[in-house]
$ cat input_31.cif   # mmCIF, C-alpha atoms and all ligand atoms
data_structure
#
loop_
_atom_site.label_atom_id
_atom_site.label_comp_id
_atom_site.auth_asym_id
_atom_site.auth_seq_id
_atom_site.Cartn_x
_atom_site.Cartn_y
_atom_site.Cartn_z
CA MET A 1 22.45 -24.81 -9.59
CA SER A 2 21.78 -21.09 -10.03
CA ALA A 3 22.25 -18.24 -7.56
CA ASN A 4 18.47 -18.19 -7.49
CA ASP A 5 18.01 -21.71 -6.10
CA LEU A 6 16.98 -21.99 -2.48
CA LEU A 7 15.44 -24.43 -0.05
CA ILE A 8 13.56 -22.80 2.83
CA HIS A 9 13.45 -25.57 5.36
CA GLY A 10 11.21 -26.44 8.26
CA GLY A 11 9.07 -23.29 8.54
CA ARG A 12 5.36 -22.78 9.02
CA VAL A 13 4.21 -21.68 5.59
CA VAL A 14 1.31 -19.23 5.40
CA PHE A 15 -1.14 -19.98 2.58
CA GLU A 16 -4.33 -18.12 1.70
CA ASP A 17 -6.38 -20.74 3.54
CA GLY A 18 -4.22 -21.56 6.53
CA VAL A 19 -0.78 -22.32 7.90
CA ARG A 20 1.04 -25.62 7.32
CA GLU A 21 4.52 -26.95 8.01
CA ALA A 22 6.30 -27.22 4.69
CA ASP A 23 9.55 -26.64 2.86
CA VAL A 24 9.73 -24.24 -0.05
CA ARG A 25 11.95 -25.13 -2.98
CA ILE A 26 12.83 -22.30 -5.34
CA THR A 27 14.58 -23.18 -8.59
CA ALA A 28 16.01 -20.56 -10.96
CA GLY A 29 14.07 -17.86 -9.10
CA ARG A 30 10.68 -19.59 -9.39
CA ILE A 31 8.62 -21.60 -6.94
CA ALA A 32 9.27 -25.26 -7.75
CA GLU A 33 7.48 -27.04 -4.91
CA VAL A 34 5.97 -26.37 -1.49
CA ALA A 35 5.50 -29.54 0.57
CA PRO A 36 6.75 -31.19 3.76
CA ALA A 37 10.22 -32.73 3.85
CA LEU A 38 11.42 -31.76 0.39
CA ALA A 39 14.68 -33.01 -1.00
CA ALA A 40 17.00 -30.73 -2.95
CA PRO A 41 20.41 -31.26 -4.53
CA PRO A 42 23.02 -31.10 -1.75
CA GLU A 43 24.65 -27.94 -3.12
CA THR A 44 21.34 -25.99 -2.98
CA PRO A 45 21.57 -23.10 -0.49
CA ARG A 46 19.37 -23.80 2.49
CA LEU A 47 17.67 -21.38 4.79
CA GLU A 48 16.66 -22.79 8.14
CA ALA A 49 13.17 -21.58 9.07
CA ARG A 50 12.30 -23.83 12.01
CA GLY A 51 10.17 -21.85 14.45
CA LYS A 52 9.60 -19.17 11.83
CA LEU A 53 6.68 -18.20 9.61
CA VAL A 54 7.16 -18.21 5.86
CA PHE A 55 5.01 -15.80 3.85
CA PRO A 56 4.91 -15.44 0.08
CA GLY A 57 6.37 -12.15 -1.22
CA LEU A 58 3.90 -9.41 -0.26
CA ILE A 59 2.68 -6.57 -2.50
CA ASP A 60 2.16 -2.98 -1.38
CA SER A 61 -0.21 -1.52 -3.95
CA GLN A 62 -0.02 2.09 -2.78
CA VAL A 63 3.23 3.91 -2.05
CA HIS A 64 4.56 7.43 -2.73
CA PHE A 65 8.34 7.27 -3.27
CA ARG A 66 8.83 10.93 -4.27
CA GLU A 67 11.21 10.46 -7.20
CA PRO A 68 11.57 12.52 -9.32
CA GLY A 69 11.47 15.94 -7.78
CA LEU A 70 10.99 15.40 -4.05
CA GLU A 71 13.93 13.12 -3.25
CA TRP A 72 14.74 14.79 0.05
CA LYS A 73 11.68 12.94 1.41
CA GLU A 74 12.37 9.55 -0.22
CA ASP A 75 13.60 8.10 -3.49
CA LEU A 76 13.24 4.83 -5.34
CA PHE A 77 16.32 3.38 -3.65
CA THR A 78 15.35 4.26 -0.08
CA GLY A 79 11.63 3.62 -0.59
CA SER A 80 12.21 0.18 -2.09
CA LEU A 81 14.69 -0.58 0.69
CA CYS A 82 11.84 0.07 3.16
CA CYS A 83 9.87 -2.52 1.18
CA ALA A 84 12.65 -5.10 1.32
CA ALA A 85 13.10 -4.44 5.05
CA GLY A 86 9.39 -4.92 5.66
CA GLY A 87 8.84 -8.09 3.62
CA ILE A 88 7.28 -6.32 0.63
CA THR A 89 8.63 -7.74 -2.65
CA ALA A 90 6.59 -5.63 -5.08
CA PHE A 91 5.24 -2.09 -4.95
CA PHE A 92 2.96 0.10 -7.05
CA GLU A 93 4.00 3.74 -6.88
CA MET A 94 1.74 6.76 -7.13
CA PRO A 95 2.00 9.54 -9.75
CA ASN A 96 2.08 12.68 -7.55
CA THR A 97 5.80 13.23 -7.95
CA LYS A 98 7.36 16.34 -9.53
CA PRO A 99 6.57 16.33 -12.38
CA ASN A 100 3.40 14.28 -12.02
CA THR A 101 3.53 10.98 -13.94
CA THR A 102 1.02 11.89 -16.62
CA THR A 103 2.62 10.81 -19.93
CA PRO A 104 4.34 7.71 -21.33
CA ALA A 105 7.66 9.61 -21.32
CA LEU A 106 7.34 10.35 -17.61
CA LEU A 107 6.38 6.73 -16.91
CA ALA A 108 9.45 5.59 -18.90
CA ASP A 109 11.58 8.00 -16.87
CA LYS A 110 10.42 6.42 -13.59
CA LEU A 111 11.05 2.93 -14.93
CA ALA A 112 14.56 3.93 -16.01
CA ARG A 113 15.24 5.42 -12.57
CA ALA A 114 14.06 2.21 -10.88
CA LYS A 115 16.35 0.01 -12.95
CA GLY A 116 19.32 -1.03 -10.82
CA ARG A 117 18.06 1.09 -7.89
CA ALA A 118 14.84 -0.61 -6.80
CA TRP A 119 15.37 -3.46 -4.37
CA VAL A 120 12.07 -5.13 -5.26
CA ASP A 121 9.68 -5.44 -8.20
CA HIS A 122 7.57 -2.46 -9.17
CA ALA A 123 5.05 -0.71 -11.38
CA PHE A 124 4.00 2.93 -11.57
CA PHE A 125 0.60 4.58 -11.84
CA LEU A 126 -0.26 7.19 -14.44
CA GLY A 127 -2.04 10.21 -12.98
CA ALA A 128 -5.32 11.23 -14.63
CA THR A 129 -5.90 14.85 -15.69
CA SER A 130 -8.43 16.54 -17.94
CA GLU A 131 -5.65 16.81 -20.58
CA ASN A 132 -4.69 13.14 -20.74
CA ALA A 133 -8.09 11.56 -19.91
CA ASP A 134 -8.79 10.31 -23.43
CA GLN A 135 -5.33 8.78 -23.96
CA LEU A 136 -5.13 6.86 -20.70
CA GLY A 137 -6.82 3.79 -22.17
CA GLU A 138 -3.92 3.32 -24.55
CA TRP A 139 -1.19 4.31 -22.12
CA GLU A 140 -2.37 2.09 -19.25
CA GLN A 141 -1.29 -0.91 -21.35
CA LEU A 142 2.38 0.12 -21.30
CA PRO A 143 4.79 -2.26 -19.55
CA GLY A 144 5.47 -1.16 -16.00
CA CYS A 145 2.19 0.75 -15.71
CA ALA A 146 0.23 -0.24 -12.60
CA GLY A 147 -2.90 1.48 -13.93
CA VAL A 148 -4.48 4.92 -13.67
CA LYS A 149 -4.81 6.93 -10.45
CA VAL A 150 -7.40 9.65 -9.93
CA PHE A 151 -7.42 12.26 -7.19
CA MET A 152 -11.07 13.36 -6.87
CA GLY A 153 -9.99 15.73 -4.10
CA SER A 154 -6.77 17.74 -3.75
CA SER A 155 -4.13 16.18 -1.59
CA THR A 156 -0.31 16.30 -1.79
CA GLY A 157 0.61 17.75 -5.20
CA SER A 158 -1.46 19.15 -8.03
CA LEU A 159 -3.20 16.11 -9.56
CA LEU A 160 -6.97 16.56 -9.59
CA VAL A 161 -10.09 15.39 -11.41
CA PRO A 162 -12.71 17.33 -9.45
CA ASP A 163 -15.82 16.94 -11.61
CA ASP A 164 -18.00 14.09 -12.85
CA PRO A 165 -17.75 14.82 -16.60
CA THR A 166 -13.94 14.53 -16.52
CA LEU A 167 -14.07 11.51 -14.24
CA GLU A 168 -16.50 9.88 -16.64
CA ARG A 169 -14.07 10.51 -19.51
CA VAL A 170 -11.31 8.85 -17.50
CA LEU A 171 -13.52 5.87 -16.70
CA ARG A 172 -14.57 5.49 -20.34
CA SER A 173 -10.96 5.46 -21.50
CA GLY A 174 -9.49 2.01 -20.92
CA THR A 175 -10.31 -1.26 -19.24
CA ARG A 176 -8.00 -1.81 -16.28
CA ARG A 177 -9.22 -1.04 -12.78
CA VAL A 178 -8.83 2.64 -11.88
CA ALA A 179 -7.45 3.57 -8.45
CA ILE A 180 -9.34 6.45 -6.85
CA HIS A 181 -8.64 8.85 -4.01
CA ALA A 182 -12.27 9.59 -3.15
CA GLU A 183 -12.70 12.92 -1.38
CA ASP A 184 -15.11 15.45 -2.88
CA GLU A 185 -13.23 18.55 -4.05
CA PRO A 186 -16.15 21.05 -3.81
CA ARG A 187 -16.83 19.89 -0.25
CA LEU A 188 -13.14 20.20 0.67
CA GLN A 189 -12.98 23.72 -0.78
CA GLU A 190 -16.04 24.69 1.23
CA ARG A 191 -14.64 23.19 4.43
CA TYR A 192 -11.19 24.81 4.16
CA ALA A 193 -12.83 28.17 3.33
CA SER A 194 -15.00 28.07 6.45
CA MET A 195 -12.26 26.82 8.76
CA ALA A 196 -11.89 29.03 11.87
CA PRO A 197 -8.52 30.79 12.18
CA GLY A 198 -6.18 28.85 14.44
CA THR A 199 -7.76 25.48 13.69
CA GLY A 200 -5.26 22.78 14.62
CA VAL A 201 -4.61 19.28 13.34
CA ARG A 202 -6.92 17.84 16.01
CA LEU A 203 -9.77 18.93 13.76
CA HIS A 204 -8.25 17.57 10.53
CA HIS A 205 -10.94 14.88 10.39
CA GLU A 206 -13.63 17.54 10.79
CA VAL A 207 -12.12 19.75 8.10
CA ARG A 208 -11.87 16.88 5.61
CA ASP A 209 -15.06 15.42 7.03
CA ILE A 210 -17.07 12.23 6.60
CA GLU A 211 -19.30 13.98 4.09
CA ALA A 212 -16.31 14.80 1.85
CA ALA A 213 -15.34 11.13 1.68
CA LEU A 214 -18.87 9.79 1.43
CA ARG A 215 -19.99 12.16 -1.33
CA ALA A 216 -17.01 11.27 -3.49
CA THR A 217 -17.42 7.53 -2.99
CA LYS A 218 -21.13 7.78 -3.84
CA ARG A 219 -20.36 9.74 -7.00
CA LEU A 220 -17.71 7.20 -7.90
CA LEU A 221 -19.96 4.15 -7.47
CA THR A 222 -22.65 5.77 -9.60
CA LEU A 223 -20.16 6.46 -12.38
CA ALA A 224 -18.59 3.00 -12.14
CA GLU A 225 -22.03 1.48 -12.58
CA LYS A 226 -22.88 3.81 -15.44
CA THR A 227 -19.63 3.19 -17.34
CA HIS A 228 -19.13 -0.45 -16.27
CA ARG A 229 -15.56 0.47 -15.40
CA LYS A 230 -13.86 -1.30 -12.52
CA VAL A 231 -12.68 1.00 -9.74
CA HIS A 232 -10.64 0.62 -6.58
CA VAL A 233 -11.54 2.90 -3.67
CA LEU A 234 -8.23 3.73 -2.02
CA HIS A 235 -7.81 4.23 1.73
CA VAL A 236 -11.46 4.02 2.82
CA SER A 237 -11.67 6.06 6.01
CA THR A 238 -15.27 6.08 7.21
CA ALA A 239 -17.81 3.61 8.61
CA GLU A 240 -20.34 5.31 6.33
CA GLU A 241 -18.43 4.32 3.19
CA ILE A 242 -18.16 0.74 4.42
CA GLU A 243 -21.92 0.70 4.87
CA LEU A 244 -22.32 2.12 1.36
CA LEU A 245 -19.98 -0.48 -0.16
CA ARG A 246 -21.93 -3.26 1.54
CA GLU A 247 -25.32 -1.84 0.51
CA ARG A 248 -24.45 -1.13 -3.11
CA ASP A 249 -22.51 -4.40 -3.41
CA LEU A 250 -21.34 -3.92 -6.99
CA GLY A 251 -19.39 -7.19 -7.02
CA GLU A 252 -16.12 -7.18 -8.93
CA LEU A 253 -16.83 -3.69 -10.27
CA VAL A 254 -15.67 -2.20 -6.98
CA THR A 255 -12.74 -3.21 -4.81
CA ALA A 256 -11.56 -1.27 -1.78
CA GLU A 257 -8.42 -0.66 0.23
CA ALA A 258 -7.71 0.18 3.84
CA THR A 259 -4.42 1.51 5.19
CA PRO A 260 -2.75 0.47 8.44
CA ASN A 261 -3.03 4.09 9.58
CA HIS A 262 -6.83 3.92 9.55
CA LEU A 263 -6.73 0.48 11.20
CA PHE A 264 -4.26 1.22 13.99
CA LEU A 265 -4.69 4.91 14.79
CA CYS A 266 -7.78 6.83 15.84
CA ALA A 267 -8.83 10.34 16.80
CA PRO A 268 -8.54 12.17 19.11
CA ASP A 269 -5.74 10.06 20.59
CA CYS A 270 -3.51 10.03 17.47
CA TYR A 271 -3.57 13.82 17.14
CA GLU A 272 -2.89 14.28 20.85
CA ARG A 273 0.07 11.91 20.74
CA TYR A 274 1.56 12.52 17.33
CA GLY A 275 0.15 15.90 16.26
CA ARG A 276 0.74 16.59 12.59
CA LEU A 277 2.67 13.34 12.17
CA ALA A 278 -0.76 11.65 12.19
CA GLN A 279 -2.12 14.01 9.53
CA MET A 280 -3.01 12.26 6.29
CA ASN A 281 -5.67 12.39 3.60
CA PRO A 282 -8.26 11.08 3.98
CA PRO A 283 -7.89 11.66 7.70
CA VAL A 284 -7.61 9.19 10.51
CA ARG A 285 -10.98 9.43 12.31
CA GLU A 286 -12.63 8.40 15.56
CA ARG A 287 -12.58 4.89 17.01
CA ARG A 288 -15.90 3.77 15.54
CA HIS A 289 -14.45 4.16 12.03
CA MET A 290 -11.35 2.21 12.98
CA GLU A 291 -13.47 -0.57 14.44
CA THR A 292 -15.76 -0.77 11.41
CA LEU A 293 -12.73 -0.81 9.10
CA ARG A 294 -11.23 -3.68 11.10
CA GLU A 295 -14.45 -5.66 10.70
CA ALA A 296 -14.51 -4.83 6.99
CA VAL A 297 -10.95 -6.02 6.57
CA ALA A 298 -11.76 -9.27 8.37
CA ASP A 299 -15.01 -9.96 6.50
CA GLY A 300 -13.68 -9.14 3.02
CA THR A 301 -15.57 -5.88 2.38
CA ILE A 302 -12.06 -4.46 2.11
CA THR A 303 -10.18 -6.26 -0.65
CA CYS A 304 -6.59 -5.39 0.18
CA ILE A 305 -4.35 -3.30 2.38
CA GLY A 306 -1.95 -0.72 0.98
CA SER A 307 0.40 1.29 3.15
CA ASP A 308 -0.06 4.67 1.42
CA HIS A 309 3.60 5.20 2.37
CA ALA A 310 3.72 9.00 2.16
CA PRO A 311 6.88 10.39 3.73
CA HIS A 312 7.41 14.04 4.63
CA THR A 313 10.32 15.34 6.71
CA LEU A 314 9.90 16.25 10.36
CA ALA A 315 10.69 19.88 9.45
CA GLU A 316 7.88 19.88 6.87
CA LYS A 317 5.52 18.29 9.37
CA ALA A 318 6.44 20.95 11.94
CA GLN A 319 4.79 23.71 9.89
CA PRO A 320 1.54 24.97 11.38
CA TYR A 321 -1.68 23.22 10.33
CA PRO A 322 -2.98 23.27 7.60
CA LYS A 323 0.36 24.09 5.92
CA SER A 324 1.80 20.89 7.37
CA PRO A 325 1.75 18.27 4.60
CA SER A 326 -0.47 15.19 4.84
CA GLY A 327 1.05 11.73 4.77
CA ILE A 328 2.63 9.04 6.94
CA PRO A 329 5.41 6.61 5.96
CA GLY A 330 4.38 2.96 6.26
CA THR A 331 5.52 0.35 3.77
CA GLN A 332 8.05 -1.09 6.22
CA THR A 333 5.53 -1.42 9.04
CA ILE A 334 2.55 -2.87 7.17
CA LEU A 335 3.45 -6.52 7.87
CA PRO A 336 4.58 -5.99 11.50
CA LEU A 337 1.29 -4.20 12.21
CA LEU A 338 -0.78 -6.98 10.66
CA LEU A 339 1.12 -9.47 12.83
CA CYS A 340 -0.04 -7.37 15.80
CA ALA A 341 -3.62 -7.66 14.50
CA VAL A 342 -3.22 -11.46 14.51
CA ARG A 343 -1.87 -11.39 18.08
CA ASP A 344 -4.74 -9.14 19.11
CA GLY A 345 -7.25 -11.53 17.58
CA TRP A 346 -8.96 -9.54 14.85
CA LEU A 347 -7.14 -11.17 11.93
CA GLN A 348 -5.74 -14.62 11.26
CA LEU A 349 -2.31 -15.26 9.78
CA HIS A 350 -3.73 -16.40 6.47
CA ASP A 351 -5.73 -13.16 6.15
CA ILE A 352 -2.39 -11.42 5.64
CA VAL A 353 -1.89 -13.42 2.43
CA ARG A 354 -5.36 -12.41 1.26
CA LEU A 355 -4.85 -8.73 2.12
CA LEU A 356 -1.33 -8.35 0.72
CA VAL A 357 -1.31 -10.85 -2.14
CA THR A 358 -4.49 -12.45 -3.45
CA GLY A 359 -6.68 -9.40 -2.73
CA VAL A 360 -4.15 -7.27 -4.60
CA LEU A 361 -4.23 -9.74 -7.51
CA ARG A 362 -8.03 -9.52 -7.58
CA THR A 363 -7.70 -5.76 -7.79
CA TYR A 364 -4.82 -5.58 -10.25
CA PRO A 365 -4.27 -8.93 -11.99
CA LEU A 366 -0.56 -9.78 -12.28
CA ARG A 367 1.13 -12.76 -13.81
CA ASP A 368 3.35 -15.13 -11.81
CA ARG A 369 2.31 -13.98 -8.36
CA ALA A 370 -0.24 -16.54 -7.16
CA PRO A 371 1.07 -17.55 -3.74
CA TRP A 372 3.14 -20.75 -3.65
CA GLN A 373 2.11 -21.87 -7.14
CA LYS A 374 4.67 -23.74 -9.18
CA GLY A 375 6.18 -21.21 -11.59
CA SER A 376 5.29 -18.15 -9.51
CA VAL A 377 8.10 -15.75 -8.66
CA GLY A 378 10.35 -17.21 -5.98
CA ASP A 379 9.72 -14.45 -3.45
CA ALA A 380 9.25 -15.16 0.26
CA VAL A 381 9.43 -13.50 3.65
CA ILE A 382 10.64 -15.17 6.82
CA VAL A 383 9.04 -13.80 9.97
CA ASP A 384 10.43 -14.49 13.40
CA PRO A 385 7.45 -14.56 15.79
CA ALA A 386 9.87 -14.44 18.71
CA VAL A 387 10.80 -10.83 17.95
CA THR A 388 8.65 -8.97 20.45
CA GLY A 389 9.30 -5.79 22.38
CA PRO A 390 9.17 -2.29 20.95
CA LEU A 391 9.53 -1.40 17.28
CA ARG A 392 12.85 0.40 17.12
CA GLN A 393 13.47 3.58 15.24
CA GLU A 394 16.94 2.46 14.07
CA TRP A 395 15.34 -0.35 12.06
CA LEU A 396 13.48 2.13 9.89
CA ARG A 397 14.82 2.67 6.39
CA SER A 398 12.76 5.62 5.19
CA ARG A 399 14.78 8.74 4.49
CA VAL A 400 12.46 10.69 6.80
CA GLY A 401 13.38 8.43 9.74
CA TRP A 402 10.10 8.49 11.65
CA SER A 403 6.94 6.47 12.08
CA PRO A 404 4.07 6.89 14.53
CA PHE A 405 4.46 3.18 15.18
CA VAL A 406 7.93 3.37 16.75
CA GLY A 407 7.59 1.87 20.21
CA ILE A 408 4.58 -0.38 19.57
CA GLU A 409 4.80 -3.87 21.07
CA LEU A 410 5.68 -6.20 18.22
CA ALA A 411 4.32 -9.69 17.61
CA GLY A 412 7.00 -10.78 15.14
CA TRP A 413 9.30 -9.14 12.63
CA PRO A 414 10.34 -9.93 9.04
CA THR A 415 13.94 -11.05 9.43
CA THR A 416 14.69 -12.22 5.88
CA THR A 417 13.24 -11.11 2.55
CA ILE A 418 13.82 -13.25 -0.51
CA ARG A 419 13.41 -12.11 -4.08
CA ARG A 420 13.68 -14.66 -6.90
CA GLY A 421 15.34 -17.14 -4.56
CA ALA A 422 18.01 -14.67 -3.41
CA VAL A 423 18.13 -12.98 -0.02
CA VAL A 424 17.81 -9.20 -0.44
CA TYR A 425 17.40 -8.19 3.21
CA HIS A 426 18.52 -10.03 6.32
CA GLU A 427 18.72 -9.06 9.98
CA HIS A 428 18.26 -5.32 9.44
CA ALA A 429 20.66 -5.01 6.49
CA PRO A 430 20.36 -5.18 2.70
CA VAL A 431 22.13 -8.01 0.89
CA GLY A 432 23.56 -7.74 -2.63
CA THR A 433 22.55 -5.03 -5.06
CA PRO A 434 19.11 -3.73 -6.10
CA SER A 435 17.71 -5.88 -8.87
CA GLY A 436 13.94 -5.30 -8.78
CA GLU A 437 12.12 -5.80 -12.06
CA ILE A 438 8.90 -4.56 -13.62
CA VAL A 439 5.90 -6.60 -12.44
CA ARG A 440 4.19 -8.46 -15.27
CA THR A 441 0.54 -7.64 -15.82
O1 LIG B 501 -1.98 11.86 3.16
C1 LIG B 501 -1.72 11.73 1.99
N1 LIG B 501 -0.47 11.87 1.52
N2 LIG B 501 -2.71 11.46 1.13
C2 LIG B 501 -2.53 11.51 -0.20
O2 LIG B 501 -3.48 11.38 -0.93
C3 LIG B 501 -1.20 11.81 -0.76
C4 LIG B 501 -0.13 11.52 0.19
C5 LIG B 501 1.19 12.13 -0.21
O3 LIG B 501 1.59 11.95 -1.35
O4 LIG B 501 1.81 12.78 0.63
#
$ encode --input "input_31.cif" --output "C-alpha cells"
Amino acid sequence: MSANDLLIHGGRVVFEDGVREADVRITAGRIAEVAPALAAPPETPRLEARGKLVFPGLIDSQVHFREPGLEWKEDLFTGSLCCAAGGITAFFEMPNTKPNTTTPALLADKLARAKGRAWVDHAFFLGATSENADQLGEWEQLPGCAGVKVFMGSSTGSLLVPDDPTLERVLRSGTRRVAIHAEDEPRLQERYASMAPGTGVRLHHEVRDIEAALRATKRLLTLAEKTHRKVHVLHVSTAEEIELLRERDLGELVTAEATPNHLFLCAPDCYERYGRLAQMNPPVRERRHMETLREAVADGTITCIGSDHAPHTLAEKAQPYPKSPSGIPGTQTILPLLLCAVRDGWLQLHDIVRLLVTGVLRTYPLRDRAPWQKGSVGDAVIVDPAVTGPLRQEWLRSRVGWSPFVGIELAGWPTTTIRRGAVVYHEHAPVGTPSGEIVRT
C-alpha cells in the first residue's frame, strides 16, 4: 500500500452525465476503479463519504497569482492554497506578473517557484507581445506551459497586442489554442479619453462598453477563421458576444469561458453594494447579460468556467476610480457558487464536471485528467451539501482576505480535497506539504 492509496466510500459520485452512488478506489495516486461497493485491501485508508457528493478534481483555467513581483496581493503558495480550499486540483496561471511571463526563462522561473510551494497541479501561460510573437509557436510546447495568452485590450499590467497584424502573427505562430482577453484597445482608449471628470465605478461597464468587447471578439473570430488557429474567448461579458458566438458557430475553432463574477453579479446592484470591489475587466454588466450568460453556460455555448482569480488589496481597491485596479479574487468560491446555481435550478450537478473538467479538456487537452477514468490522476473533491448558511470570511485563503461573495447563502461546501489519493485540504485547513506538479499536456 502507498500513501497515495485511498478508498472513498459511499458517496454520490458526480460524472459528466449524471450522479450515481459509487465508491472510488485510488491506487498509487491514480484512479483504479469507480463502482458501487468496491473492496479494497483492509489497510487501505478509507474516507467515509456517505451523504456527500464526490467530484473529480476540478481545473481552474484562469487565475492570476501575482508571483513574481506582486506578492503582496497573492503568491503561488497562497493562491494554490485557495485552490485546494475550493476543490480545485489544477490551475493555469496568467502571464501578467512582474516581469510578464514572456520568455522560456521567465516560464522556467515560475515553474521553479511553484515547485514545493504549489498545493495543486499547475501550468503557466506565456504572454504574447509584438517582440515574441514569432517564437511563441516553439515556446508553447515547453513543459508546464498552459499555452499563449493575448490581451487585445489593456487591463492589469502592460501586456498588449492591440492590432490585427500582430495578433495575426501570434495566431500563425503555433498550434495550441490561444487564450484571448477580447476588448478592443482603440475603443477603450477612446472611451477613457472621453470619460467625464468624476466618473465613478458605477459607470465602469459604460466606459469599457459592450462595443469594446464585441468589436474585439468579432475581430478575433475573423482572424481565427482566416488563420485556422483555435482560440478561447476568455470571460465573455455581453449578450451580444453570445449571440455572435452562436451565429458564427465556428465549431472547435472557438471555445469560450464565463467567470462566476459575470454569472452571479450584475449592474447596477454590484457597484452599489461593493463599489470598486466589483470592478473587473471586462466589466460586470446589467442583468440581461448575466441571464444570457447563464443560458449560454447551461446550453454549452460557453465551454468552461474559469474564476479569473485576480486579487488586489482593499487599500488598492480604495483608490478613486479609474485608478482603482480591476480584478476580483475567486478560485476558492467557483465551486460553492456553482453549487448555488444547482440549488437555484439553472445548472445540474453534472454540468459542474463539464464546466470545470471536460470543457477545460476540450479547450486545452491534458493527459490523465478524464474524469473517473482508470489511470487518470487520483484527484477528488468531497462536498458536504449540508453546509448551508452564509459563506464566512474566515474560510477565505487569499492573501487579500475579501470576496464579494462573503455572506451568500451556501448550498454545500468542499470539505475535503484529494490530490493523487492524498488529502491536501480538510475542514478549513491544509494537510501535509505542497506537492503540486506540472500538468501534462
Ligand atoms: O479584471 C481583471 N483583472 N481583468 C484582467 O484582465 C486582469 C486581471 C488582473 O490581473 O488583475
$ residues_around --input "input_31.cif" --residues "Val54 in chain A" --least-positions-apart "2" --cutoff "8 Å" --atoms "all atoms listed in the file" --output "ChimeraX atom specification"
/A:11-14,49,52,56,380-383
$ closest_residue --input "input_31.cif" --among "A:Val148, A:Cys270, A:Ala128, A:Ala310" --to "ligand LIG 501 (chain B)" --atoms "only C-alpha atoms and all ligand atoms"
A:Ala310
$ atom_distance --input "input_31.cif" --atom1 "CA of Trp72 in chain A" --atom2 "atom O1 of ligand LIG 501 (chain B)"
17.3 Å
$ residues_near_ligand --input "input_31.cif" --ligand "ligand LIG 501 (chain B)" --cutoff "6 Å" --atoms "all atoms listed in the file" --output "CSV table (one decimal) with C-alpha atoms, in the coordinates of the input"
chain,number,residue,atom,x,y,z
A,64,HIS,CA,4.6,7.4,-2.7
A,155,SER,CA,-4.1,16.2,-1.6
A,156,THR,CA,-0.3,16.3,-1.8
A,280,MET,CA,-3.0,12.3,6.3
A,281,ASN,CA,-5.7,12.4,3.6
A,310,ALA,CA,3.7,9.0,2.2
A,326,SER,CA,-0.5,15.2,4.8
A,327,GLY,CA,1.0,11.7,4.8
$ atom_distance --input "input_31.cif" --atom1 "CA of Leu347 in chain A" --atom2 "CA of Arg362 in chain A"
19.6 Å
$ closest_residue --input "input_31.cif" --among "A:Leu106, A:Leu58, A:Ala35, A:Val207" --to "Leu355 in chain A" --atoms "all atoms listed in the file"
A:Leu58
$ residues_near_point --input "input_31.cif" --point "(10.5, 3.4, 1.5)" --cutoff "10 Å" --atoms "all atoms listed in the file" --output "PyMOL selection string"
chain A and resi 63-66+73-86+91+309-311+329-332+396-400
$ closest_residue --input "input_31.cif" --among "A:Glu138, A:Asp351, A:Asp299, A:Asp109" --to "Gly174 in chain A" --atoms "all atoms listed in the file"
A:Glu138
$ closest_residue --input "input_31.cif" --among "A:Thr238, A:Asn132, A:Gln393, A:Thr358" --to "Ala213 in chain A" --atoms "only C-alpha atoms"
A:Thr238
$ closest_residue --input "input_31.cif" --among "A:Gln348, A:Thr199, A:Thr292, A:Thr441" --to "Pro322 in chain A" --atoms "all atoms listed in the file"
A:Thr199
$ residues_around --input "input_31.cif" --residues "His122 in chain A" --least-positions-apart "2" --cutoff "6 Å" --atoms "only C-alpha atoms" --output "count of residues only"
5
$ residues_near_point --input "input_31.cif" --point "(0.8, -27.9, 1.3)" --cutoff "10 Å" --atoms "only C-alpha atoms" --output "mmCIF file with C-alpha atoms, in the frame of the given file"
data_model
loop_
_atom_site.group_PDB
_atom_site.id
_atom_site.type_symbol
_atom_site.label_atom_id
_atom_site.label_comp_id
_atom_site.auth_asym_id
_atom_site.auth_seq_id
_atom_site.Cartn_x
_atom_site.Cartn_y
_atom_site.Cartn_z
ATOM 1 C CA VAL A 13 4.210 -21.680 5.590
ATOM 2 C CA VAL A 14 1.310 -19.230 5.400
ATOM 3 C CA PHE A 15 -1.140 -19.980 2.580
ATOM 4 C CA GLY A 18 -4.220 -21.560 6.530
ATOM 5 C CA VAL A 19 -0.780 -22.320 7.900
ATOM 6 C CA ARG A 20 1.040 -25.620 7.320
ATOM 7 C CA GLU A 21 4.520 -26.950 8.010
ATOM 8 C CA ALA A 22 6.300 -27.220 4.690
ATOM 9 C CA ASP A 23 9.550 -26.640 2.860
ATOM 10 C CA VAL A 24 9.730 -24.240 -0.050
ATOM 11 C CA GLU A 33 7.480 -27.040 -4.910
ATOM 12 C CA VAL A 34 5.970 -26.370 -1.490
ATOM 13 C CA ALA A 35 5.500 -29.540 0.570
ATOM 14 C CA PRO A 36 6.750 -31.190 3.760
ATOM 15 C CA TRP A 372 3.140 -20.750 -3.650
#
$ closest_residue --input "input_31.cif" --among "A:Leu142, A:Phe55, A:Pro430, A:Ile210" --to "Glu16 in chain A" --atoms "only C-alpha atoms"
A:Phe55
$ atom_distance --input "input_31.cif" --atom1 "CA of Pro325 in chain A" --atom2 "CA of Gly157 in chain A"
9.9 Å
$ residues_around --input "input_31.cif" --residues "Glu286 in chain A" --least-positions-apart "6" --cutoff "12 Å" --atoms "all atoms listed in the file" --output "MDAnalysis selection string"
chainID A and resid 202:206 209:210 237:239 262:271 292:293
